[in-house]
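Undergrad: Enclosed is the structure file start.cif (mmCIF, C-alpha atoms).
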data_data
#
loop_
_atom_site.label_atom_id
_atom_site.label_comp_id
_atom_site.auth_asym_id
_atom_site.auth_seq_id
_atom_site.Cartn_x
_atom_site.Cartn_y
_atom_site.Cartn_z
CA MET A 15 42.76 112.64 81.54
CA ALA A 16 45.09 112.31 78.59
CA MET A 17 46.32 115.77 79.23
CA ARG A 18 47.28 114.82 82.73
CA LYS A 19 49.10 111.75 81.53
CA TYR A 20 51.20 113.78 79.15
CA LEU A 21 51.96 116.28 81.82
CA PHE A 22 53.10 113.46 84.05
CA LEU A 23 55.36 112.09 81.34
CA LEU A 24 56.70 115.53 80.67
CA ILE A 25 57.63 115.93 84.30
CA ILE A 26 59.31 112.52 84.37
CA PHE A 27 61.36 113.28 81.28
CA SER A 28 62.34 116.71 82.42
CA MET A 29 63.51 115.21 85.70
CA GLN A 30 65.82 112.93 83.81
CA ILE A 31 67.19 115.65 81.67
CA ALA A 32 67.52 118.39 84.21
CA PRO A 33 70.24 117.01 86.49
CA VAL A 34 72.79 116.54 83.72
CA PRO A 35 75.34 119.15 84.70
CA ALA A 36 77.60 121.09 82.47
CA ALA A 37 81.02 119.47 82.39
CA PRO A 38 83.10 120.89 85.22
CA ILE A 39 85.69 123.21 83.85
CA THR A 40 88.56 122.74 86.23
CA PRO A 41 91.76 122.87 84.25
CA GLY A 42 94.30 120.16 85.01
CA ALA A 43 92.09 118.13 87.32
CA ASN A 44 89.57 115.77 85.87
CA ILE A 45 87.84 114.92 89.15
CA GLU A 46 85.72 112.09 87.83
CA GLY A 47 88.65 110.45 86.08
CA LEU A 48 90.79 110.82 89.18
CA ASP A 49 88.17 109.13 91.35
CA LYS A 50 88.02 106.23 88.94
CA ARG A 51 91.77 105.83 88.92
CA VAL A 52 91.94 105.93 92.71
CA GLN A 53 89.17 103.34 92.79
CA ARG A 54 90.94 101.08 90.31
CA ILE A 55 94.23 101.16 92.20
CA ALA A 56 92.49 100.72 95.55
CA GLU A 57 90.81 97.58 94.25
CA GLU A 58 94.22 96.07 93.58
CA LEU A 59 95.43 96.71 97.12
CA ARG A 60 94.60 94.81 100.26
CA CYS A 61 93.48 96.58 103.39
CA LEU A 62 95.94 95.59 106.11
CA VAL A 63 93.57 96.16 108.98
CA CYS A 64 90.67 94.12 107.62
CA GLN A 65 92.58 91.65 105.56
CA ASN A 66 89.89 90.17 103.38
CA GLN A 67 88.85 93.51 101.98
CA SER A 68 90.45 95.64 99.36
CA LEU A 69 91.36 99.23 100.12
CA ALA A 70 88.45 100.26 97.93
CA ASP A 71 85.96 98.32 100.06
CA SER A 72 87.32 99.35 103.41
CA ASP A 73 86.48 102.33 105.55
CA ALA A 74 89.14 101.56 108.12
CA ASP A 75 91.13 104.57 109.19
CA LEU A 76 94.34 103.38 107.60
CA ALA A 77 92.54 102.43 104.38
CA VAL A 78 91.15 105.96 104.11
CA ASP A 79 94.63 107.40 104.70
CA LEU A 80 96.14 105.14 102.07
CA LYS A 81 93.43 106.03 99.56
CA ASN A 82 94.14 109.70 100.17
CA GLN A 83 97.78 108.98 99.62
CA VAL A 84 96.97 107.28 96.31
CA ARG A 85 94.86 110.26 95.27
CA GLU A 86 97.59 112.71 96.18
CA LYS A 87 100.24 110.77 94.31
CA LEU A 88 98.02 110.62 91.23
CA LYS A 89 97.51 114.36 91.40
CA GLN A 90 101.27 114.79 91.54
CA GLY A 91 101.41 112.79 88.33
CA ALA A 92 102.67 109.48 89.68
CA SER A 93 102.04 106.43 87.53
CA GLU A 94 100.07 103.44 88.79
CA GLN A 95 103.25 101.41 88.86
CA GLU A 96 104.95 104.00 91.05
CA ILE A 97 102.06 103.94 93.50
CA ILE A 98 102.03 100.15 93.66
CA SER A 99 105.75 100.09 94.41
CA PHE A 100 105.28 102.85 97.01
CA MET A 101 102.87 100.50 98.79
CA THR A 102 104.97 97.34 98.47
CA GLU A 103 108.07 99.16 99.75
CA ARG A 104 106.15 99.82 102.97
CA TYR A 105 103.83 96.89 103.38
CA GLY A 106 105.39 94.16 101.26
CA ASP A 107 103.84 91.99 98.57
CA PHE A 108 101.07 91.23 101.01
CA VAL A 109 99.22 94.40 99.96
CA LEU A 110 98.90 93.14 96.42
CA TYR A 111 95.90 91.09 95.46
CA ARG A 112 97.89 89.81 92.49
CA PRO A 113 101.12 88.48 93.96
CA PRO A 114 104.16 88.91 91.71
CA LEU A 115 105.67 85.83 90.11
CA LYS A 116 108.64 84.83 92.25
CA ALA A 117 110.35 81.65 93.42
CA SER A 118 108.24 81.74 96.58
CA THR A 119 104.97 82.20 94.72
CA VAL A 120 105.48 79.69 91.90
CA LEU A 121 103.35 77.10 93.67
CA LEU A 122 100.64 79.68 94.26
CA TRP A 123 100.53 80.59 90.59
CA PHE A 124 100.89 77.18 89.00
CA GLY A 125 99.68 74.84 91.75
CA PRO A 126 96.01 74.91 90.68
CA GLY A 127 96.93 74.31 87.04
CA LEU A 128 99.19 71.41 87.99
CA LEU A 129 96.46 69.93 90.15
CA MET A 130 94.03 70.16 87.27
CA ILE A 131 96.44 68.57 84.81
CA GLY A 132 97.16 65.81 87.33
CA GLY A 133 93.43 65.26 87.81
CA LEU A 134 92.80 65.13 84.06
CA ILE A 135 95.59 62.60 83.57
CA ALA A 136 94.19 60.44 86.37
CA LEU A 137 90.71 60.71 84.89
CA TYR A 138 91.96 59.85 81.39
CA ARG A 139 93.74 56.75 82.63
CA ARG A 140 90.72 55.68 84.63
CA LEU A 141 88.41 56.03 81.66
CA ARG A 142 90.76 54.17 79.33
CA ALA A 143 90.98 51.33 81.79
CA ARG A 144 87.20 51.09 81.59
CA VAL A 145 87.05 50.96 77.81
CA ALA A 146 89.24 47.86 77.70
CA PRO A 147 88.24 45.81 80.69
CA VAL A 148 90.13 42.71 81.57
CA PRO A 149 87.89 39.76 80.60
CA GLU A 150 87.00 37.72 83.60
CA PRO A 151 87.87 34.07 83.24
CA SER A 152 84.75 32.04 82.49
CA LEU A 153 83.61 29.36 84.85
CA THR A 154 84.73 25.83 84.48
CA ASP A 155 82.03 23.31 83.69
CA GLU A 156 82.25 21.96 87.19
CA GLU A 157 81.74 25.44 88.73
CA ARG A 158 78.89 26.13 86.42
CA ALA A 159 77.19 22.96 87.40
CA ARG A 160 77.58 23.85 91.05
CA ALA A 161 76.25 27.34 90.51
CA THR A 162 73.27 25.99 88.63
CA ALA A 163 72.58 23.54 91.41
CA LEU A 164 72.79 26.32 93.99
CA LEU A 165 70.50 28.59 92.05
CA GLY A 166 68.02 25.80 91.59
CA GLY A 167 68.30 25.79 87.80
CA ILE A 168 67.30 29.40 87.31
CA VAL A 169 70.45 30.31 85.46
CA ASP A 170 71.83 27.93 82.93
CA ASN A 171 73.27 29.98 80.19
CA LYS A 172 76.07 28.08 78.49
CA ASN A 173 76.51 30.84 75.98
CA ASN A 174 77.69 33.24 78.60
CA SER A 175 81.12 34.24 77.49
CA GLY A 176 82.11 35.20 80.98
CA LYS A 177 81.76 38.90 80.40
CA THR A 178 79.43 39.76 83.20
CA ARG A 179 78.11 43.00 84.41
CA ARG A 180 79.77 44.35 87.46
CA MET B 19 96.81 47.95 98.92
CA HIS B 20 98.47 50.50 96.67
CA ARG B 21 95.03 51.62 95.50
CA TRP B 22 94.85 53.53 98.76
CA LEU B 23 98.40 54.75 98.62
CA TRP B 24 97.82 57.66 96.24
CA PRO B 25 94.82 59.19 97.99
CA LEU B 26 96.63 58.73 101.29
CA ALA B 27 99.74 60.48 99.97
CA ILE B 28 97.66 63.36 98.59
CA PHE B 29 95.79 63.61 101.86
CA ALA B 30 99.08 63.72 103.80
CA VAL B 31 100.40 66.53 101.59
CA ILE B 32 97.21 68.54 102.07
CA VAL B 33 97.35 67.99 105.84
CA VAL B 34 100.93 69.29 105.92
CA PHE B 35 100.03 72.39 103.91
CA LEU B 36 96.95 73.15 105.99
CA GLY B 37 98.87 72.43 109.20
CA VAL B 38 101.54 74.97 108.29
CA GLY B 39 98.82 77.42 107.31
CA LEU B 40 97.16 77.07 110.69
CA THR B 41 100.32 77.94 112.56
CA LEU B 42 100.90 81.14 110.58
CA ASN B 43 99.50 84.35 111.94
CA PRO B 44 97.94 86.35 109.10
CA ARG B 45 98.03 89.45 111.32
CA GLU B 46 101.79 89.43 111.16
CA VAL B 47 102.63 90.76 107.77
CA PRO B 48 106.37 90.43 107.28
CA SER B 49 107.76 93.92 106.95
CA PRO B 50 109.83 94.62 103.86
CA LEU B 51 111.67 97.25 105.90
CA ILE B 52 113.71 94.79 107.97
CA ASN B 53 117.41 95.35 107.25
CA LYS B 54 116.58 98.53 105.35
CA PRO B 55 117.44 102.06 106.48
CA ALA B 56 114.75 103.57 108.70
CA PRO B 57 112.65 105.92 106.54
CA PRO B 58 113.69 109.53 107.14
CA PHE B 59 111.41 111.91 108.98
CA GLU B 60 111.46 115.15 110.87
CA LEU B 61 108.49 115.68 113.14
CA PRO B 62 107.56 118.09 115.92
CA GLN B 63 107.87 116.66 119.38
CA LEU B 64 104.81 115.84 121.41
CA HIS B 65 105.73 117.87 124.48
CA ALA B 66 108.07 120.51 123.07
CA GLN B 67 106.05 121.60 120.05
CA ASP B 68 108.70 123.93 118.71
CA LYS B 69 111.39 121.27 118.71
CA THR B 70 111.66 118.52 116.16
CA PHE B 71 112.91 114.96 116.21
CA SER B 72 114.47 113.08 113.33
CA GLN B 73 115.76 109.54 112.97
CA LYS B 74 119.10 111.20 112.10
CA ASP B 75 119.42 112.45 115.67
CA MET B 76 119.89 108.86 116.73
CA ALA B 77 122.85 108.00 114.49
CA GLY B 78 125.39 105.90 116.39
CA LYS B 79 122.87 104.58 118.90
CA VAL B 80 120.77 101.47 119.17
CA TRP B 81 117.23 102.56 119.99
CA LEU B 82 113.59 101.57 119.96
CA LEU B 83 110.90 103.43 118.09
CA ASN B 84 107.51 102.64 119.58
CA VAL B 85 104.38 103.67 117.72
CA TRP B 86 101.59 104.47 120.15
CA ALA B 87 98.39 106.46 120.57
CA SER B 88 96.08 107.35 123.43
CA TRP B 89 93.14 105.76 121.55
CA CYS B 90 94.95 102.43 121.24
CA ALA B 91 93.79 99.84 123.76
CA SER B 92 96.67 97.38 123.32
CA CYS B 93 99.12 100.23 123.90
CA ARG B 94 97.92 100.25 127.47
CA ASP B 95 98.67 96.50 127.72
CA GLU B 96 102.26 96.91 126.68
CA HIS B 97 102.81 100.16 128.52
CA PRO B 98 103.98 98.71 131.88
CA VAL B 99 106.55 96.63 129.98
CA LEU B 100 107.93 99.75 128.34
CA VAL B 101 107.95 101.71 131.59
CA GLU B 102 109.95 98.92 133.23
CA LEU B 103 112.33 98.78 130.31
CA ALA B 104 112.87 102.54 130.45
CA LYS B 105 113.69 102.28 134.15
CA SER B 106 116.28 99.60 133.47
CA GLY B 107 118.04 101.96 131.07
CA LYS B 108 119.02 99.10 128.75
CA VAL B 109 117.91 100.85 125.58
CA PRO B 110 116.44 104.29 124.89
CA ILE B 111 112.80 104.27 123.78
CA TYR B 112 111.47 106.97 121.50
CA GLY B 113 107.78 107.27 120.84
CA LEU B 114 105.89 107.99 117.66
CA ASN B 115 102.55 109.38 118.75
CA TYR B 116 100.38 108.25 115.86
CA LYS B 117 97.23 110.05 114.70
CA ASP B 118 96.50 111.36 118.16
CA LYS B 119 95.33 114.63 119.63
CA ARG B 120 98.21 116.37 121.34
CA PRO B 121 96.44 117.01 124.68
CA ASP B 122 95.14 113.40 124.72
CA GLY B 123 98.61 112.01 124.15
CA ILE B 124 100.17 114.18 126.84
CA ALA B 125 97.42 113.35 129.33
CA TRP B 126 97.77 109.64 128.59
CA LEU B 127 101.49 109.72 129.39
CA LYS B 128 100.86 111.68 132.55
CA ARG B 129 98.36 109.10 133.69
CA PHE B 130 100.20 105.88 132.80
CA GLY B 131 103.82 107.01 132.99
CA ASP B 132 106.18 108.19 130.26
CA PRO B 133 108.81 105.64 129.21
CA TYR B 134 109.92 107.72 126.25
CA VAL B 135 112.98 109.92 126.00
CA LEU B 136 110.64 111.91 123.82
CA SER B 137 107.75 111.32 121.47
CA ALA B 138 107.48 112.57 117.91
CA TYR B 139 104.04 113.79 116.94
CA ASP B 140 102.67 112.30 113.72
CA VAL B 141 99.19 113.74 113.58
CA GLN B 142 98.45 112.78 109.98
CA GLY B 143 99.97 109.33 110.19
CA ARG B 144 102.27 110.07 107.25
CA ILE B 145 105.40 108.79 108.89
CA GLY B 146 103.39 105.82 110.09
CA ILE B 147 102.66 104.94 106.47
CA ASP B 148 106.36 105.34 105.60
CA TYR B 149 107.16 102.86 108.35
CA GLY B 150 104.47 100.44 107.19
CA VAL B 151 102.43 100.85 110.37
CA TYR B 152 99.04 99.15 110.14
CA GLY B 153 98.27 98.13 113.69
CA VAL B 154 99.31 100.18 116.67
CA PRO B 155 101.31 99.45 118.77
CA GLU B 156 104.34 98.60 116.71
CA THR B 157 107.94 98.68 117.83
CA TYR B 158 111.10 98.95 115.74
CA VAL B 159 114.65 98.16 116.78
CA ILE B 160 117.01 100.47 114.92
CA ASP B 161 120.77 99.99 114.95
CA LYS B 162 123.71 102.41 115.04
CA GLN B 163 123.72 102.76 111.26
CA GLY B 164 120.04 103.66 111.29
CA VAL B 165 118.95 100.30 109.88
CA ILE B 166 115.73 98.64 111.07
CA ARG B 167 116.65 95.26 112.55
CA PHE B 168 113.40 94.07 114.05
CA LYS B 169 109.76 94.96 114.07
CA GLN B 170 107.25 93.89 116.67
CA ILE B 171 103.66 94.11 115.47
CA GLY B 172 101.28 94.40 118.37
CA PRO B 173 102.14 94.81 122.04
CA VAL B 174 105.64 94.14 123.35
CA THR B 175 105.21 91.33 125.84
CA PRO B 176 107.82 90.42 128.48
CA GLU B 177 108.58 87.28 126.41
CA VAL B 178 109.19 89.23 123.21
CA LEU B 179 111.29 91.71 125.12
CA ASN B 180 113.47 89.15 126.88
CA GLU B 181 113.75 86.60 124.10
CA LYS B 182 114.02 88.81 121.05
CA ILE B 183 114.45 92.52 121.63
CA LEU B 184 116.98 92.63 124.48
CA PRO B 185 119.31 89.94 123.05
CA LEU B 186 119.19 91.76 119.71
CA VAL B 187 119.97 95.12 121.36
CA ALA B 188 122.89 93.51 123.21
CA ARG B 189 124.21 92.04 119.97
CA LEU B 190 123.87 95.34 118.10
CA ASN B 191 125.66 97.17 120.90
CA GLY B 192 128.40 94.58 121.21
#
So, in terms of structure tokens, how does the structure I just supplied come out?

TA:
Amino acid sequence: MAMRKYLFLLIIFSMQIAPVPAAPITPGANIEGLDKRVQRIAEELRCLVCQNQSLADSDADLAVDLKNQVREKLKQGASEQEIISFMTERYGDFVLYRPPLKASTVLLWFGPGLLMIGGLIALYRRLRARVAPVPEPSLTDEERARATALLGGIVDNKNNSGKTRR
Amino acid sequence: MHRWLWPLAIFAVIVVFLGVGLTLNPREVPSPLINKPAPPFELPQLHAQDKTFSQKDMAGKVWLLNVWASWCASCRDEHPVLVELAKSGKVPIYGLNYKDKRPDGIAWLKRFGDPYVLSAYDVQGRIGIDYGVYGVPETYVIDKQGVIRFKQIGPVTPEVLNEKILPLVARLNG
């Protein structure tokens, strides 16, 4: 029984070890690194056909073509910046998931921050107003007497300073 | 009273922003190529394989470049408009047959009519990428200096033709 168990483990381990390949020796082209770079750039670019997907996520015909183009440019030694500007020259800033900071995108970049600051200021003022509430004027003796009469004598607290719960 | 003023003002601003957003068409990505020189190309022709066509051949003329393919359903919608336009002779139309099979493209034109002076054959879609094509059909108006003046994304409708393209062509020719 134990023998069998060990054999089983041996098989499992050898399975994990066996598939590790020798590093591919292809001079000049690190295939795995290239794939990763293509992937990274494609994640930054929007697919124009299916607009809520990145190029990396999309299998649309044009997305595949554009990914091939990215790969080819990388092989030719183009920098990421060069590839990004290649795309924006053709498809505009729309292809970028991170829009560049421009006059027309200022609101996009800083709008959320401004909204948050505005909200925090409003909240701060609200809370401060609560800490120092305006004291309500206390009842006159006449009003108190009337209230007591109406309530049938249940409440008759002369010590009430007028600061009541809301 | 003015307790309600602030929320109301904020609400109004949001409504305006969302309202503008609703009227925009996200399918129409503004092309950065407007008022830029048409990207250079030299492609084999669809019919005459051994001949080429280049945007340079059109220097000094106002012309339309229409990107089409036999697999493209909306191309069929706009096709009668283009055939009519070609008959009127108001502006020459050149085709860019995009990622198509040559026999399919030729057969398609035979069946539905050929409005093009000629079609360039872009089998890999390379020139399409240079022109920022992302949804066929697309149509470019290119002026005498070889500058792109207008781009129609999607089918050319009679309205677009009569209200935008033809007045623009007349102005560029004038």

Undergrad: Up to 12 Å from (95.4, 105.2, 105.8) in the file's coordinates: name the residues, counting all atoms listed in the file, as a ChimeraX atom specification.

TA: /A:56,60-63,69-70,72-85,101 /B:116-117,142-148,150-153

Undergrad: Determine the nearest neighbour of chain B from the options A:Gly166, A:Gly106, A:Pro114, A:Pro151, counting only C-alpha atoms.

TA: A:Gly106

Undergrad: If you apply the PyMOL selection byres ((chain B and resi 114) around 7) to this file, what residues do you get, as a PDB file with C-alpha atoms, in the frame of the given file?

TA:
ATOM      1  CA  LEU B  83     110.900 103.430 118.090  1.00  0.00           C
ATOM      2  CA  ASN B  84     107.510 102.640 119.580  1.00  0.00           C
ATOM      3  CA  VAL B  85     104.380 103.670 117.720  1.00  0.00           C
ATOM      4  CA  TRP B  86     101.590 104.470 120.150  1.00  0.00           C
ATOM      5  CA  TYR B 112     111.470 106.970 121.500  1.00  0.00           C
ATOM      6  CA  GLY B 113     107.780 107.270 120.840  1.00  0.00           C
ATOM      7  CA  ASN B 115     102.550 109.380 118.750  1.00  0.00           C
ATOM      8  CA  TYR B 116     100.380 108.250 115.860  1.00  0.00           C
ATOM      9  CA  SER B 137     107.750 111.320 121.470  1.00  0.00           C
ATOM     10  CA  ALA B 138     107.480 112.570 117.910  1.00  0.00           C
ATOM     11  CA  TYR B 139     104.040 113.790 116.940  1.00  0.00           C
ATOM     12  CA  ASP B 140     102.670 112.300 113.720  1.00  0.00           C
TER      13      ASP B 140
END

Undergrad: Would you kindly return, as a compact mmCIF listing (two decimals) with C-alpha atoms, keeping the file's coordinate frame, each protein, DNA or RNA residue with an atom no farther than 6 Å from any atom of segment 57-62 of chain B, considering all atoms listed in the file and excluding same-chain residues fewer than 4 positions away?

TA:
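Okay, this is what ended up in out.txt:
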# COMPACT_ATOMS: atom_id res chain seq x y z
CA GLN B 67 106.05 121.60 120.05
CA LYS B 69 111.39 121.27 118.71
CA THR B 70 111.66 118.52 116.16
CA PHE B 71 112.91 114.96 116.21
CA SER B 72 114.47 113.08 113.33
CA ALA B 138 107.48 112.57 117.91
CA TYR B 139 104.04 113.79 116.94

Undergrad: Between atom CA of Asp118 of chain B and atom CA of Ser88 of chain B, measure the distance and give it in Å to one decimal.

TA: 6.6 Å

Undergrad: Considering all atoms listed in the file, state which residue in the set B:Pro55, B:Pro121, B:Pro48, B:Pro110 is at the smallest distance from chain A.

TA: B:Pro48

Undergrad: With the PyMOL selection byres ((chain B and resi 81) around 9) as the selection, what would be picked from this file? Answer as a PyMOL selection string, please.

TA: chain B and resi 76+79-80+82-83+109-112+158-162+187

Undergrad: Could you check which of B:Lys119, B:His97, B:Arg167, B:Arg129 is closest to Leu64 of chain B, using all atoms listed in the file?

TA: B:Lys119

Undergrad: Would you list the contacts of segment 121-131 of chain A as a list in words, taking every protein, DNA or RNA residue within 12 Å and counting all atoms listed in the file, but skipping same-chain residues closer than 6 positions in sequence?

TA: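 Answer for this query is Arg112, Pro113, Pro114, Leu115, Leu137 and Tyr138 of chain A; Ile28 and Phe35 of chain B.
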
Undergrad: Using only C-alpha atoms, which residue out of B:Ile124, B:Ala66, B:Leu103, B:Leu51 lies closest to chain A?

TA: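 The closest residue to chain A is B:Leu51.
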
Undergrad: If I take atom CA of Leu186 of chain B and atom CA of Asn43 of chain B, how far is one from the other in Å, to one decimal?

TA: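 Rounded to one decimal, the two atoms are 22.4 Å apart.
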
Undergrad: Using the chain letters and numbering of this document, enumerate as a PyMOL selection string the residues selected by the PyMOL selection byres ((chain A and resi 109) around 6).

TA: chain A and resi 59-60+107-108+110

Undergrad: Between atom CA of Lys116 of chain A and atom CA of Ile166 of chain B, measure the distance and give it in Å to one decimal.

TA: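 Interatomic distance, atom CA of Lys116 of chain A to atom CA of Ile166 of chain B: 24.4 Å.
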
Undergrad: For a quick check of understanding, using all atoms listed in the file, which of A:Asp49, A:Glu150, A:Glu94, A:Glu103 has the smallest distance to chain B?

TA: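 Looking only at the distances to chain B, the closest residue turns out to be A:Glu103.
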
Undergrad: Could you give me segment 72-88 of chain A completed to N, CA and C atoms, formatted as a short mmCIF file (atom, residue, chain, number, x, y, z; two decimals), in the coordinates of the input?

TA:
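For reference, selection-v5.cif as written:
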data_model
loop_
_atom_site.label_atom_id
_atom_site.label_comp_id
_atom_site.auth_asym_id
_atom_site.auth_seq_id
_atom_site.Cartn_x
_atom_site.Cartn_y
_atom_site.Cartn_z
N SER A 72 87.16 99.16 101.97
CA SER A 72 87.32 99.35 103.41
C SER A 72 87.19 100.82 103.82
N ASP A 73 86.56 100.99 104.98
CA ASP A 73 86.48 102.33 105.55
C ASP A 73 87.36 102.46 106.78
N ALA A 74 88.23 101.48 106.98
CA ALA A 74 89.14 101.56 108.12
C ALA A 74 89.99 102.83 107.99
N ASP A 75 90.37 103.33 109.13
CA ASP A 75 91.13 104.57 109.19
C ASP A 75 92.35 104.56 108.26
N LEU A 76 93.11 103.47 108.39
CA LEU A 76 94.34 103.38 107.60
C LEU A 76 94.01 103.28 106.11
N ALA A 77 92.93 102.57 105.78
CA ALA A 77 92.54 102.43 104.38
C ALA A 77 92.20 103.79 103.79
N VAL A 78 91.50 104.61 104.58
CA VAL A 78 91.15 105.96 104.11
C VAL A 78 92.43 106.77 103.88
N ASP A 79 93.35 106.68 104.84
CA ASP A 79 94.63 107.40 104.70
C ASP A 79 95.37 106.96 103.44
N LEU A 80 95.38 105.65 103.22
CA LEU A 80 96.14 105.14 102.07
C LEU A 80 95.47 105.55 100.76
N LYS A 81 94.12 105.58 100.76
CA LYS A 81 93.43 106.03 99.56
C LYS A 81 93.74 107.50 99.28
N ASN A 82 93.78 108.29 100.35
CA ASN A 82 94.14 109.70 100.17
C ASN A 82 95.54 109.84 99.61
N GLN A 83 96.41 108.96 100.10
CA GLN A 83 97.78 108.98 99.62
C GLN A 83 97.83 108.65 98.13
N VAL A 84 97.03 107.65 97.73
CA VAL A 84 96.97 107.28 96.31
C VAL A 84 96.49 108.47 95.49
N ARG A 85 95.43 109.11 95.98
CA ARG A 85 94.86 110.26 95.27
C ARG A 85 95.90 111.37 95.11
N GLU A 86 96.60 111.64 96.21
CA GLU A 86 97.59 112.71 96.18
C GLU A 86 98.70 112.42 95.19
N LYS A 87 99.15 111.14 95.21
CA LYS A 87 100.24 110.77 94.31
C LYS A 87 99.79 110.89 92.85
N LEU A 88 98.53 110.50 92.59
CA LEU A 88 98.02 110.62 91.23
C LEU A 88 97.99 112.08 90.79
#
